[in-house]
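Peer 1: This is the structure, below, for whatever I ask next.
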Amino acid sequence: MRPITLGIIREGKTPPDKRVPLTPKKCVEAQTTFANLTVIVQESPIRSYSDQEYRDLGVEVRAEVTDCDLLLGVKEVPVAQLIPNKTYMFFSHTVKKQPANRELLRAVLEKNITLIDYEMLTNASEERIVAFGRYAGIVGAYNGLLAYGRKHRLYELKPAYQCVDMDDMQEEFFKVRALPPIKLAVTGSGRVAQGALEVLDRMGIRKVSVYDFLYLTFNEPVYAQLRSSDYNARQDGRVWDTPDFHHHPELYQSTFDKFLPVTDLLIACAYWHPAAPRLFTEEDTRRPDFRINTIADVTCDVNGSVPTTKRSTTIQDPLFDYNPQTGELEPACSRPANITVMAVDNLPCELPRNASRDFGRQLLDNVFSHLLRDDADEVIERATITRQGQLTPRYEYLRDYAAD
């Protein structure tokens, strides 16, 4: 097999992202597992893993990686930093025709680049095989409890981004024992929701059934995991069918209204399709029995499933208040009657070392054999948006998006 040189590029997006696709130990493991592979790391002052940590394990670190065959990053590469005629792998955020990245796709085409997108790496069942979703859920749930404690002046959790890693963050969990007997609802059943449940379980918050959540009173804080069938129904009254909901979300209506009078803290982790119903409406927030006062919108779809998410927030300033009476946004925790919203759109960046270790494990286990040996299952092919400056047939629908 021909030798392949893989370059870990310096993240160039602003604000800077401290995550890496491969940690120092994962670089060593990759080179040990794939004899034809050499990993080069581009110098970076911002990574959560320092240049010296790579050098200490014998990984070469240098200023330029222009001679590498394959370039791996995490976030979108700034247009000015794209190297012509190269093969890149990163999250491009272009497949949904996102307006912010139109120029990026145009530049990729103009510079004769082959672009492989992590988001489109799937198995035969079209399930994603690499993602940062678990850590979005972990940090999102933590931030939800941070927001609730701050809003009600119960406790002050140390922000996740100020923690060294997840072990350090877990040292804060004991503080949530100050919670009154509130009810927390977590939507979703994928990686993101599983990450959120992990945190709630480790905090000692008890899980209860959806029925008990709706109809029983507790003398301790509890949470329920809500699946799509718990808060959506066919408009024509037909029986619930999960594949049908995924393929025809426009045929369904929200039944989340039954949770509005019993939920204090909502942690929204479910993927949302624009054709699917929203959980509730802004008008619902003015109902006398609307009880939700804190929302952690982990999915962070602006004007999406959670209508109070009118903008995203930053890691350093994660919260804002939604005033139900006016529909306006106000400073966080400024009025008891407001709904406090957490809507950070890059949550895994708050625990970059843990998130990077998790992501690198997925790359090594699920992707590298297809990338470096044999792509007979077309895992890489399905995720290749452009090849040598041309859209591949699967992504031909992006032609009008990329056109001048």
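Chain lettering (A, B, ...) mirrors the order of the structure tokens, residue numbering begins at 1 for each chain separately, and ligand numbering begins at 1 in order of display.
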Got a sec: who's within 10 Å of Pro159 in chain A, counting only C-alpha atoms, leaving out chain neighbours fewer than 3 positions off, as number ranges by chain?
Peer 2: A: 139, 142-143, 146, 156, 162-163, 169, 172, 315-316, 318, 350
Peer 1: Let me see the file: selected residues, N, CA and C atoms, as a PDB file, in the first residue's frame.
Peer 2:
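Writing done, so here's selection_34.pdb:
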```
ATOM      1  N   VAL A 139     -22.415  18.509  28.071  1.00  0.00           N
ATOM      2  CA  VAL A 139     -22.248  19.914  28.455  1.00  0.00           C
ATOM      3  C   VAL A 139     -23.603  20.629  28.474  1.00  0.00           C
ATOM      4  N   TYR A 142     -25.415  19.863  31.701  1.00  0.00           N
ATOM      5  CA  TYR A 142     -24.702  20.567  32.774  1.00  0.00           C
ATOM      6  C   TYR A 142     -25.052  22.052  32.750  1.00  0.00           C
ATOM      7  N   ASN A 143     -25.024  22.642  31.561  1.00  0.00           N
ATOM      8  CA  ASN A 143     -25.367  24.058  31.432  1.00  0.00           C
ATOM      9  C   ASN A 143     -26.823  24.332  31.793  1.00  0.00           C
ATOM     10  N   LEU A 146     -26.786  24.490  35.428  1.00  0.00           N
ATOM     11  CA  LEU A 146     -26.115  25.749  35.777  1.00  0.00           C
ATOM     12  C   LEU A 146     -27.098  26.909  35.678  1.00  0.00           C
ATOM     13  N   GLU A 156     -24.012  27.987  42.428  1.00  0.00           N
ATOM     14  CA  GLU A 156     -23.235  28.483  41.280  1.00  0.00           C
ATOM     15  C   GLU A 156     -22.324  27.370  40.787  1.00  0.00           C
ATOM     16  N   GLN A 162     -14.377  26.252  32.042  1.00  0.00           N
ATOM     17  CA  GLN A 162     -13.334  26.570  33.015  1.00  0.00           C
ATOM     18  C   GLN A 162     -12.816  25.325  33.732  1.00  0.00           C
ATOM     19  N   CYS A 163     -13.428  24.181  33.439  1.00  0.00           N
ATOM     20  CA  CYS A 163     -12.981  22.914  34.016  1.00  0.00           C
ATOM     21  C   CYS A 163     -11.861  22.326  33.151  1.00  0.00           C
ATOM     22  N   MET A 169     -15.127  18.659  36.005  1.00  0.00           N
ATOM     23  CA  MET A 169     -16.516  19.110  35.973  1.00  0.00           C
ATOM     24  C   MET A 169     -17.376  18.313  36.959  1.00  0.00           C
ATOM     25  N   GLU A 172     -18.219  19.285  40.511  1.00  0.00           N
ATOM     26  CA  GLU A 172     -19.265  20.281  40.765  1.00  0.00           C
ATOM     27  C   GLU A 172     -20.640  19.659  40.992  1.00  0.00           C
ATOM     28  N   ILE A 315     -20.067  30.503  24.563  1.00  0.00           N
ATOM     29  CA  ILE A 315     -19.578  29.766  25.726  1.00  0.00           C
ATOM     30  C   ILE A 315     -19.386  30.704  26.913  1.00  0.00           C
ATOM     31  N   GLN A 316     -18.838  31.893  26.659  1.00  0.00           N
ATOM     32  CA  GLN A 316     -18.587  32.839  27.752  1.00  0.00           C
ATOM     33  C   GLN A 316     -19.858  33.520  28.258  1.00  0.00           C
ATOM     34  N   PRO A 318     -23.554  32.301  28.054  1.00  0.00           N
ATOM     35  CA  PRO A 318     -24.419  31.237  27.522  1.00  0.00           C
ATOM     36  C   PRO A 318     -25.919  31.433  27.643  1.00  0.00           C
ATOM     37  N   GLU A 350     -16.554  23.139  25.075  1.00  0.00           N
ATOM     38  CA  GLU A 350     -16.340  23.452  26.486  1.00  0.00           C
ATOM     39  C   GLU A 350     -15.525  22.373  27.199  1.00  0.00           C
TER      40      GLU A 350
END
```
Peer 1: Env of Tyr49 in chain A: 10 Å cut, atoms = only C-alpha atoms, seq-sep filter 5 positions within chain, self excluded. Answer as a count of residues only.
Peer 2: 11
Peer 1: Report the residues of range 343-376 of chain A whose backbone DSSP state falls under helix (DSSP H, G or I), written as a list in words.
Peer 2: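 Residues meeting the helix (DSSP H, G or I) criterion: Leu347, Pro348, Cys349, Glu350, Pro352, Arg353, Asn354, Ala355, Ser356, Arg357, Asp358, Phe359, Gly360, Arg361, Gln362, Leu363, Leu364, Asp365, Asn366, Val367, Phe368, Ser369, His370, Leu371 and Leu372 of chain A.
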Peer 1: Write the residues of the selection above to a file with C-alpha atoms, as a PDB file, in the first residue's frame.
Peer 2:
```
ATOM      1  CA  LEU A 347     -21.124  22.913  23.358  1.00  0.00           C
ATOM      2  CA  PRO A 348     -18.442  20.197  22.874  1.00  0.00           C
ATOM      3  CA  CYS A 349     -15.834  22.995  22.742  1.00  0.00           C
ATOM      4  CA  GLU A 350     -16.340  23.452  26.486  1.00  0.00           C
ATOM      5  CA  PRO A 352     -12.292  19.964  24.256  1.00  0.00           C
ATOM      6  CA  ARG A 353      -9.894  17.315  25.596  1.00  0.00           C
ATOM      7  CA  ASN A 354     -12.648  14.798  26.390  1.00  0.00           C
ATOM      8  CA  ALA A 355     -14.544  15.540  23.183  1.00  0.00           C
ATOM      9  CA  SER A 356     -11.355  15.124  21.120  1.00  0.00           C
ATOM     10  CA  ARG A 357     -10.537  11.765  22.722  1.00  0.00           C
ATOM     11  CA  ASP A 358     -14.051  10.517  21.986  1.00  0.00           C
ATOM     12  CA  PHE A 359     -13.971  11.767  18.385  1.00  0.00           C
ATOM     13  CA  GLY A 360     -10.533  10.293  17.675  1.00  0.00           C
ATOM     14  CA  ARG A 361     -11.714   6.924  18.968  1.00  0.00           C
ATOM     15  CA  GLN A 362     -14.589   6.993  16.484  1.00  0.00           C
ATOM     16  CA  LEU A 363     -12.268   7.931  13.613  1.00  0.00           C
ATOM     17  CA  LEU A 364      -9.891   5.068  14.382  1.00  0.00           C
ATOM     18  CA  ASP A 365     -12.635   2.479  14.934  1.00  0.00           C
ATOM     19  CA  ASN A 366     -15.098   3.462  12.213  1.00  0.00           C
ATOM     20  CA  VAL A 367     -13.365   5.471   9.481  1.00  0.00           C
ATOM     21  CA  PHE A 368      -9.630   4.970   9.038  1.00  0.00           C
ATOM     22  CA  SER A 369      -9.786   1.453   7.609  1.00  0.00           C
ATOM     23  CA  HIS A 370     -12.068   2.791   4.849  1.00  0.00           C
ATOM     24  CA  LEU A 371      -9.931   5.889   4.390  1.00  0.00           C
ATOM     25  CA  LEU A 372      -6.486   4.253   4.386  1.00  0.00           C
TER      26      LEU A 372
END
```
Peer 1: Set the distance at 10 Å and use only C-alpha atoms: which residues neighbour Phe174 in chain A once local chain neighbours fewer than 5 positions away are removed? I'd like the list as a list of chain:residue names.
Peer 2: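 In the requested format, the answer is A:Leu157, A:Arg202, A:Met203, A:Gly204.
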Peer 1: Convert the current residue selection to file output with C-alpha atoms, as a PDB file, in the first residue's frame.
Peer 2:
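File result-v1.pdb, as written:
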```pdb
ATOM      1  CA  LEU A 157     -21.776  25.787  39.050  1.00  0.00           C
ATOM      2  CA  ARG A 202     -24.234  10.965  37.728  1.00  0.00           C
ATOM      3  CA  MET A 203     -25.766  13.956  39.491  1.00  0.00           C
ATOM      4  CA  GLY A 204     -28.104  11.538  41.278  1.00  0.00           C
TER       5      GLY A 204
END
```
Peer 1: What is the distance between CA of Glu76 in chain A and CA of Thr94 in chain A, in Å to one decimal?
Peer 2: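 So the two atoms, CA of Glu76 in chain A and CA of Thr94 in chain A, lie 9.6 Å apart.
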Peer 1: From the set A:Cys68, A:Leu115, A:Leu121, A:Ile9, which residue has the shortest atom-to-atom contact distance to Arg47 in chain A, counting only C-alpha atoms?
Peer 2: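 Comparing A:Cys68, A:Leu115, A:Leu121, A:Ile9 against Arg47 in chain A, the winner is A:Ile9.
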